[in-house]
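Below is run-v9.cif, holding mmCIF, C-alpha atoms.
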data_model
loop_
_atom_site.label_atom_id
_atom_site.label_comp_id
_atom_site.auth_asym_id
_atom_site.auth_seq_id
_atom_site.Cartn_x
_atom_site.Cartn_y
_atom_site.Cartn_z
CA ASP A 1 -35.82 10.45 7.39
CA LYS A 2 -32.77 8.58 8.55
CA ASP A 3 -31.95 4.97 7.73
CA PRO A 4 -31.51 2.91 10.94
CA GLN A 5 -28.41 1.23 9.46
CA ARG A 6 -27.06 4.64 8.31
CA ARG A 7 -27.05 3.58 4.66
CA LYS A 8 -27.15 6.21 1.95
CA LYS A 9 -30.61 7.09 0.72
CA VAL A 10 -31.36 8.02 -2.86
CA GLY A 11 -31.65 11.70 -1.94
CA ASP A 12 -28.05 11.60 -0.71
CA LEU A 13 -26.92 10.82 -4.27
CA LEU A 14 -28.53 13.90 -5.83
CA PRO A 15 -26.78 17.26 -6.20
CA LYS A 16 -27.32 19.46 -3.13
CA HIS A 17 -28.46 22.47 -5.21
CA ILE A 18 -31.65 20.76 -6.41
CA PRO A 19 -34.72 22.39 -4.80
CA ARG A 20 -37.55 20.48 -3.08
CA ILE A 21 -38.39 17.45 -5.16
CA PHE A 22 -40.89 14.58 -5.09
CA THR A 23 -40.17 11.01 -6.07
CA ILE A 24 -42.39 9.42 -8.67
CA GLY A 25 -42.86 5.90 -7.42
CA ARG A 26 -40.45 4.09 -5.16
CA LEU A 27 -37.84 1.36 -5.17
CA ASP A 28 -37.21 -0.78 -2.11
CA TYR A 29 -33.72 -1.32 -0.74
CA HIS A 30 -33.23 -4.51 -2.78
CA THR A 31 -34.35 -3.02 -6.10
CA GLU A 32 -32.32 -0.86 -8.45
CA GLY A 33 -33.03 1.01 -11.64
CA LEU A 34 -35.01 3.95 -12.93
CA LEU A 35 -36.39 6.33 -10.30
CA LEU A 36 -37.89 9.68 -11.23
CA PHE A 37 -37.79 12.95 -9.32
CA THR A 38 -39.75 16.11 -10.04
CA ASN A 39 -40.42 19.50 -8.54
CA ASP A 40 -44.00 19.27 -9.85
CA GLY A 41 -46.21 17.70 -7.17
CA GLU A 42 -49.23 17.55 -9.50
CA LEU A 43 -47.26 15.51 -12.06
CA SER A 44 -45.95 13.20 -9.34
CA GLN A 45 -49.45 12.54 -7.97
CA ALA A 46 -50.97 12.08 -11.45
CA LEU A 47 -48.37 9.50 -12.49
CA MET A 48 -48.65 7.52 -9.25
CA LYS A 49 -52.43 7.34 -8.88
CA PRO A 50 -53.67 3.82 -9.59
CA SER A 51 -56.02 4.92 -12.38
CA SER A 52 -53.07 6.25 -14.42
CA ALA A 53 -51.85 2.65 -14.97
CA VAL A 54 -48.39 3.81 -16.05
CA ALA A 55 -46.39 0.83 -17.33
CA LYS A 56 -43.18 0.01 -15.50
CA ILE A 57 -40.84 -2.59 -16.98
CA TYR A 58 -38.67 -4.73 -14.71
CA HIS A 59 -35.96 -7.29 -15.34
CA VAL A 60 -36.02 -10.01 -12.69
CA LYS A 61 -33.40 -12.66 -11.97
CA ILE A 62 -34.91 -15.80 -10.43
CA GLN A 63 -33.15 -18.70 -8.78
CA GLY A 64 -33.61 -21.99 -10.65
CA PRO A 65 -34.70 -23.02 -14.13
CA PRO A 66 -37.49 -21.28 -16.08
CA ASP A 67 -41.05 -22.25 -15.26
CA PRO A 68 -43.77 -21.94 -17.94
CA GLU A 69 -46.27 -21.34 -15.13
CA VAL A 70 -44.63 -17.96 -14.39
CA VAL A 71 -45.67 -16.44 -17.71
CA GLU A 72 -49.12 -18.06 -17.64
CA ARG A 73 -49.96 -17.00 -14.07
CA PHE A 74 -48.48 -13.51 -14.26
CA GLU A 75 -50.29 -12.72 -17.50
CA SER A 76 -53.64 -13.64 -15.97
CA GLY A 77 -53.03 -11.99 -12.59
CA VAL A 78 -51.81 -13.56 -9.36
CA ARG A 79 -53.66 -13.95 -6.06
CA LEU A 80 -51.19 -12.75 -3.42
CA GLU A 81 -50.80 -14.07 0.13
CA ASP A 82 -53.07 -11.34 1.51
CA GLY A 83 -55.90 -12.36 -0.85
CA THR A 84 -55.57 -9.41 -3.23
CA ARG A 85 -55.21 -10.09 -6.93
CA THR A 86 -52.70 -8.38 -9.21
CA LYS A 87 -53.62 -6.99 -12.58
CA PRO A 88 -52.36 -9.05 -15.52
CA ALA A 89 -48.64 -8.46 -16.01
CA PRO A 90 -47.22 -9.25 -19.47
CA THR A 91 -44.18 -11.45 -18.84
CA GLU A 92 -41.44 -12.81 -21.07
CA LEU A 93 -38.53 -15.16 -20.40
CA LEU A 94 -35.40 -13.24 -21.41
CA ARG A 95 -32.55 -15.73 -20.84
CA THR A 96 -31.44 -18.69 -18.78
CA THR A 97 -28.21 -20.00 -17.28
CA LYS A 98 -27.45 -23.28 -15.52
CA THR A 99 -28.63 -21.91 -12.16
CA ASN A 100 -31.12 -19.10 -12.83
CA CYS A 101 -33.26 -17.26 -15.35
CA TRP A 102 -34.29 -13.69 -16.20
CA TYR A 103 -37.82 -12.47 -16.92
CA GLU A 104 -39.15 -9.15 -18.16
CA ILE A 105 -42.35 -8.13 -16.39
CA ILE A 106 -44.58 -5.14 -17.14
CA LEU A 107 -46.58 -3.79 -14.19
CA THR A 108 -49.30 -1.15 -14.39
CA GLU A 109 -49.92 -1.02 -10.65
CA GLY A 110 -47.66 -0.60 -7.66
CA LYS A 111 -48.45 -2.96 -4.82
CA ASN A 112 -45.77 -3.07 -2.12
CA ARG A 113 -42.97 -5.53 -3.12
CA GLN A 114 -45.32 -6.81 -5.81
CA ILE A 115 -42.87 -8.77 -7.95
CA HIS A 116 -41.30 -10.48 -4.94
CA ARG A 117 -44.78 -11.42 -3.70
CA MET A 118 -45.87 -12.68 -7.13
CA PHE A 119 -42.87 -15.02 -7.30
CA GLN A 120 -43.45 -16.14 -3.70
CA THR A 121 -46.80 -17.59 -4.80
CA LEU A 122 -44.81 -19.93 -7.08
CA ARG A 123 -42.19 -20.62 -4.39
CA ARG A 124 -39.47 -18.89 -6.41
CA THR A 125 -36.79 -16.55 -5.05
CA VAL A 126 -36.02 -13.18 -6.61
CA LEU A 127 -32.24 -12.69 -6.74
CA LYS A 128 -32.18 -9.34 -8.53
CA LEU A 129 -34.79 -6.78 -9.54
CA LYS A 130 -34.19 -3.79 -11.78
CA ARG A 131 -36.68 -1.21 -13.12
CA MET A 132 -35.78 -0.58 -16.76
CA ASN A 133 -38.63 1.75 -17.82
CA TYR A 134 -41.15 4.08 -16.23
CA GLY A 135 -43.81 4.95 -18.77
CA PRO A 136 -42.07 6.39 -21.83
CA LEU A 137 -38.67 6.70 -20.10
CA ASN A 138 -35.89 4.13 -20.34
CA LEU A 139 -33.01 3.67 -17.87
CA GLY A 140 -30.54 3.45 -20.73
CA LEU A 141 -26.90 3.22 -19.68
CA LEU A 142 -27.14 4.99 -16.32
CA ASP A 143 -25.19 3.20 -13.58
CA VAL A 144 -26.36 2.78 -10.00
CA GLY A 145 -26.21 6.17 -8.28
CA ASP A 146 -25.98 8.17 -11.52
CA HIS A 147 -28.58 10.72 -12.56
CA ARG A 148 -29.44 12.97 -15.47
CA PHE A 149 -32.00 15.65 -16.24
CA LEU A 150 -34.81 14.86 -18.65
CA SER A 151 -35.07 16.47 -22.06
CA ASP A 152 -38.02 18.77 -22.77
CA ASN A 153 -39.49 16.04 -25.00
CA GLU A 154 -39.23 13.47 -22.19
CA VAL A 155 -40.95 15.86 -19.78
CA ARG A 156 -43.74 16.47 -22.30
CA SER A 157 -44.18 12.72 -22.73
CA LEU A 158 -44.55 12.28 -18.96
CA TYR A 159 -47.26 14.96 -18.86
CA ARG A 160 -49.08 13.17 -21.69
CA GLU A 161 -48.73 9.84 -19.87
CA ALA A 162 -50.22 11.45 -16.75
CA GLY A 163 -53.09 12.97 -18.73
CA LEU A 164 -51.99 16.51 -17.83
CA ARG A 165 -51.48 19.57 -19.97
CA GLN A 166 -48.11 21.11 -19.41
CA GLN A 167 -48.84 24.73 -18.46
CA LYS A 168 -45.35 26.07 -18.41
CA LYS A 169 -41.86 25.36 -19.60
CA PRO A 170 -40.17 22.69 -17.44
CA ARG A 171 -38.27 24.17 -14.52
CA ARG A 172 -34.61 23.25 -14.47
CA SER A 173 -32.07 23.39 -11.69
CA LYS A 174 -28.96 25.36 -12.48
#

Can you turn what I pasted into structure tokens?
Amino acid sequence: DKDPQRRKKVGDLLPKHIPRIFTIGRLDYHTEGLLLFTNDGELSQALMKPSSAVAKIYHVKIQGPPDPEVVERFESGVRLEDGTRTKPAPTELLRTTKTNCWYEIILTEGKNRQIHRMFQTLRRTVLKLKRMNYGPLNLGLLDVGDHRFLSDNEVRSLYREAGLRQQKKPRRSK
């Protein structure tokens, strides 16, 4: 797939020697943070199916002062503009400045542009969105465009999260 504006895609940032891989989840163009890749299609599908309810933690910068209604509404689920309702999303105010505030939100589902749409219901604008965790994995200190391979323990924890038994030793690119 080519980007119409000829921007780099995430696959362009990965080493060329990596064999066929699947993404686990997705990030839209305006979201940064943790994105997983695997050469195990079964693991990818198991982690992404709605019933797996894998927790994903996001940090969200919002224009304007904090609003107590954000935490209350998000934690009970939000009715989106299309009539669907989100699952409850534990939410915490992280910090504030004179012009904006940051929240931490935990999602266990993956509706398209869900966090943006949740804030739209409260007439708030998302300025920045970053995925910090995917299940047991944490972004840590990786910068935008950087990557690393997972440890064997991290791979095992993903299989457990997906409810799968790991049949073989994780395959590594050389």

Near-A:Leu142 list (12 Å; all atoms listed in the file; drop same-chain fewer than 3 positions) as a ChimeraX atom specification = /A:32-35,131-132,138-139,145-149

Nearest to A:Ser44, chosen from A:Arg26, A:Arg85, A:Arg73, A:Lys98, with all atoms listed in the file counted in the distances | A:Arg26

List the residues matched by the PyMOL selection byres ((chain A and resi 86-88) around 6) in the displayed structure as an MDAnalysis selection string, ordered by chain and then by residue number.
-> chainID A and resid 75:78 85 89

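The residue that comes closest to A:Asp152, out of A:Asn100, A:Asn133, A:Asn112, A:Gln166 and on the basis of only C-alpha atoms, is A:Gln166.
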
Which of these, A:Cys101, A:Gly64, A:Gln120, A:Glu109, has the shortest distance to A:Glu81 once you count only C-alpha atoms?
->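 Closest residue, counting only C-alpha atoms: A:Gln120.
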
Residue members of the PyMOL selection byres ((chain A and resi 106) around 7) in the file shown, as number ranges by chain = A: 55-58, 89-91, 104-105, 107-108

Export C-alpha atoms of the chosen residues as a PDB file, in the frame of the given file?
ATOM      1  CA  ALA A  55     -46.390   0.830 -17.330  1.00  0.00           C
ATOM      2  CA  LYS A  56     -43.180   0.010 -15.500  1.00  0.00           C
ATOM      3  CA  ILE A  57     -40.840  -2.590 -16.980  1.00  0.00           C
ATOM      4  CA  TYR A  58     -38.670  -4.730 -14.710  1.00  0.00           C
ATOM      5  CA  ALA A  89     -48.640  -8.460 -16.010  1.00  0.00           C
ATOM      6  CA  PRO A  90     -47.220  -9.250 -19.470  1.00  0.00           C
ATOM      7  CA  THR A  91     -44.180 -11.450 -18.840  1.00  0.00           C
ATOM      8  CA  GLU A 104     -39.150  -9.150 -18.160  1.00  0.00           C
ATOM      9  CA  ILE A 105     -42.350  -8.130 -16.390  1.00  0.00           C
ATOM     10  CA  LEU A 107     -46.580  -3.790 -14.190  1.00  0.00           C
ATOM     11  CA  THR A 108     -49.300  -1.150 -14.390  1.00  0.00           C
TER      12      THR A 108
END

Take atom CA of A:Thr121 and atom CA of A:Leu80 and report the distance between them in Å, one decimal.
->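 Computing it gives 6.7 Å between the two atoms.
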
Residues at most 12 Å from A:Glu154, counting only C-alpha atoms, excluding those fewer than 2 positions away in the same chain, as an MDAnalysis selection string?
-> chainID A and resid 36 134:138 148:152 156:161 170

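For the pair atom CA of A:Lys9 and atom CA of A:Ile24, the separation is 15.2 Å.
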
The PyMOL selection byres ((chain A and resi 38) around 9) applied to the shown file, residues as a PDB file with C-alpha atoms, in the coordinates of the input:
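The result, stored in result21.pdb:
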ATOM      1  CA  ARG A  20     -37.550  20.480  -3.080  1.00  0.00           C
ATOM      2  CA  ILE A  21     -38.390  17.450  -5.160  1.00  0.00           C
ATOM      3  CA  PHE A  22     -40.890  14.580  -5.090  1.00  0.00           C
ATOM      4  CA  THR A  23     -40.170  11.010  -6.070  1.00  0.00           C
ATOM      5  CA  ILE A  24     -42.390   9.420  -8.670  1.00  0.00           C
ATOM      6  CA  LEU A  36     -37.890   9.680 -11.230  1.00  0.00           C
ATOM      7  CA  PHE A  37     -37.790  12.950  -9.320  1.00  0.00           C
ATOM      8  CA  ASN A  39     -40.420  19.500  -8.540  1.00  0.00           C
ATOM      9  CA  ASP A  40     -44.000  19.270  -9.850  1.00  0.00           C
ATOM     10  CA  GLY A  41     -46.210  17.700  -7.170  1.00  0.00           C
ATOM     11  CA  LEU A  43     -47.260  15.510 -12.060  1.00  0.00           C
ATOM     12  CA  SER A  44     -45.950  13.200  -9.340  1.00  0.00           C
TER      13      SER A  44
END

Any chance you could work out the axis-aligned box around stretch 102-117 of chain A, listed atoms only, 5 Å on each side, giving centre and edge lengths in Å to one decimal, as JSON?
{"center_x": -42.1, "center_y": -7.1, "center_z": -10.1, "size_x": 25.6, "size_y": 23.1, "size_z": 26.0}

For atom CA of A:Asp12 and atom CA of A:Val126, determine how far apart the two atoms are, in Å to one decimal place.
-> 26.7 Å

Using all atoms listed in the file, pick whichever of A:Val155, A:Leu27, A:Ala162, A:Val54 has the shortest atom-to-atom distance to A:Ile115.
->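 Nearest to A:Ile115: A:Leu27.
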
Taking 5 positions as the minimum chain separation for residues in the same chain, which residues sit within 10 Å of A:His116 when counting all atoms listed in the file? Answer as a compact mmCIF listing (two decimals) with C-alpha atoms, in the frame of the given file.
# COMPACT_ATOMS: atom_id res chain seq x y z
CA VAL A 60 -36.02 -10.01 -12.69
CA ILE A 62 -34.91 -15.80 -10.43
CA THR A 121 -46.80 -17.59 -4.80
CA ARG A 124 -39.47 -18.89 -6.41
CA THR A 125 -36.79 -16.55 -5.05
CA VAL A 126 -36.02 -13.18 -6.61
CA LEU A 127 -32.24 -12.69 -6.74
CA LYS A 128 -32.18 -9.34 -8.53
CA LEU A 129 -34.79 -6.78 -9.54

Determine, counting only C-alpha atoms, which protein, DNA and RNA residues have an atom within 6 Å of an atom of A:Tyr103; residues of the same chain fewer than 2 positions away are not included. Present the result as a list in words.
-> His59, Val60, Glu92, Leu93 and Leu94 of chain A

Counting only C-alpha atoms, the residue of A:Pro66, A:Gly110, A:Gly140, A:Gly83 that sits nearest A:Asp28 =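 Closest residue, counting only C-alpha atoms: A:Gly110.
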